[in-house]
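Colleague: Would you mind keeping the following structure in view while I ask a few things?
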Amino acid sequence: MKLQSYEELKQSKYRLSVMLFLFLNIAVSLFYLLPVMSNETNDATLPVICVAAFSGIMLITYLIWPRLKLPLLNPVALLLGMLWAWHINYRFHQVFYFDGGFLIISLISVLFISAIALSDYLGAFCLHVAPPVFTVLLLDDGQHLPLILLTITLPLIGFSLQHLMRRRADNFTLRLMHQLYEEKETFSDLSMLDPLTGLYNRRGLKNRLDNILENHAGSHYVLLLDIDHFKAYNDNYGHAMGDQALARVSVAIRDAVRSRDVVTRYGGEEFLVLMTNVNSSIAMKLAERIRQYVLDLEIPHLFNETVSTHVTISAGIAPIYDNEFDLAVANADSALYVAKNQGRNTILAWDDLPRQQPQTSSEHA
């Protein structure tokens, strides 16, 4: 689950709580209104009608337009709580023979709504029950104070503890989600990096390439590099020394290019540099600087005696036409092949190959 999905789930839960809260207010208010419609009793009051009308209009509105932004739950809970307090006060004074039992039943009705719909939202729960509670305490005048306090205190303590536990659980879940998301990002980054050199692998190159070709105008060049006589180096110095040489060469390549260029370990001893927003002259200067940086490492390579006594590289460079990266890599590879045949430790551009012209996508097709 993504963090965004978790937030959407919380919003969905919040929406359902608001709608359930409105529905229960409608149900309880209809309990008072239905006998009036059948002319049995006269329990209807203006505040009850207001509760039914306000809750009904809001609930119908959200059912018709489900994407409509929901109001804040706390103000709605307070408003409906004040209407219920108004109803309790009105009915208590309307019929003089009501005793404390009426106040208890009225209070339980309000607690019933809050307990079911607002158990996850302690603030809204308190705002909804506070006006009826104070009204009942004032009207009772201390005659049934212990019973009223018990009726109020038990649910309040229970929901406070439940709210505390759920809040801790939500915080733990959110921290866990953040940790898992960070680990996912870390593993994703690692999966795009070569573990030996720390450079991008082919997957990392593809990820960067899509972004560069889509969002960066200008000319781009592909530089394909290969360590000269590296098989002989491994055979004679051992694979452990070979890995050290690869790591040092990768650092030299990365130091020689610009921060916006993409350096990739493209194969065993083969590297690829994607040079972005660069002309042919600067691209050749960067390529030559890479060659010199590697040579300046002075890594001994006695089995490279036909070229040097140190590790060297050969490279082919080619422009990217019409965003055809694979074609540019093929052209750079051709130039690299010729560079190796011409003596190694050299940079050769595809454009400089004899009797060759850069292929565009239409010509290639």
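The chains in the structure tokens are called A, B, ... from first to last as shown; in each chain the residues are counted from 1, and the ligands are counted from 1 in the order shown.
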From a DSSP pass on the backbone, collect the residues of segment 137-341 of chain A flagged as alpha helix (DSSP H) and hand them back as a ChimeraX atom specification.
Modeller: /A:137-140,145-191,202-215,230-237,239-256,280-296,325-341
Colleague: Determine which residues of segment 90-250 of chain A DSSP labels as strand (DSSP E or B) from the backbone of this structure, then write them out as a list in words.
Modeller: Leu193, Tyr200, Tyr221, Val222, Leu223, Leu224, Leu225, Asp226 and Ile227 of chain A
Colleague: Extract, using only C-alpha atoms, all DNA, RNA and protein residues at most 10 Å from Thr309 of chain A, discarding same-chain residues fewer than 3 positions from it, and format them as a list in words.
Modeller: Leu295, Glu298, Ile299, Pro300, His301, Leu302, Phe303, Asn304, Glu305, Thr306 and Thr312 of chain A
Colleague: Could you tell me how far atom CA of Ile320 of chain A lies from atom CA of Asp351 of chain A, in Å and to one decimal?
Modeller: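 Pair atom CA of Ile320 of chain A / atom CA of Asp351 of chain A returns 11.8 Å.
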Colleague: Compare A:Leu103, A:Val263, A:Ile113, A:Leu20 by their minimum atom-to-atom distance to Leu205 of chain A, counting only C-alpha atoms, and give me the closest one.
Modeller: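 Ranking A:Leu103, A:Val263, A:Ile113, A:Leu20 by distance to Leu205 of chain A, first place goes to A:Val263.
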Colleague: Which neighbours of Ser259 of chain A fall inside 12 Å, counting only C-alpha atoms, when residues of the same chain fewer than 4 positions from it are skipped, and could you give them as a VMD selection string?
Modeller: chain A and resid 253 to 255 263 273 to 276
Colleague: Pick from A:Val294, A:Ala130, A:Leu139, A:Ala53: nearest to Arg91 of chain A, with only C-alpha atoms counted?
Modeller: A:Leu139
Colleague: What is the atom CA of Ser160 of chain A-atom CA of Ser119 of chain A distance in Å, reported with one decimal?
Modeller: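 For atom CA of Ser160 of chain A relative to atom CA of Ser119 of chain A, the distance reads 9.0 Å.
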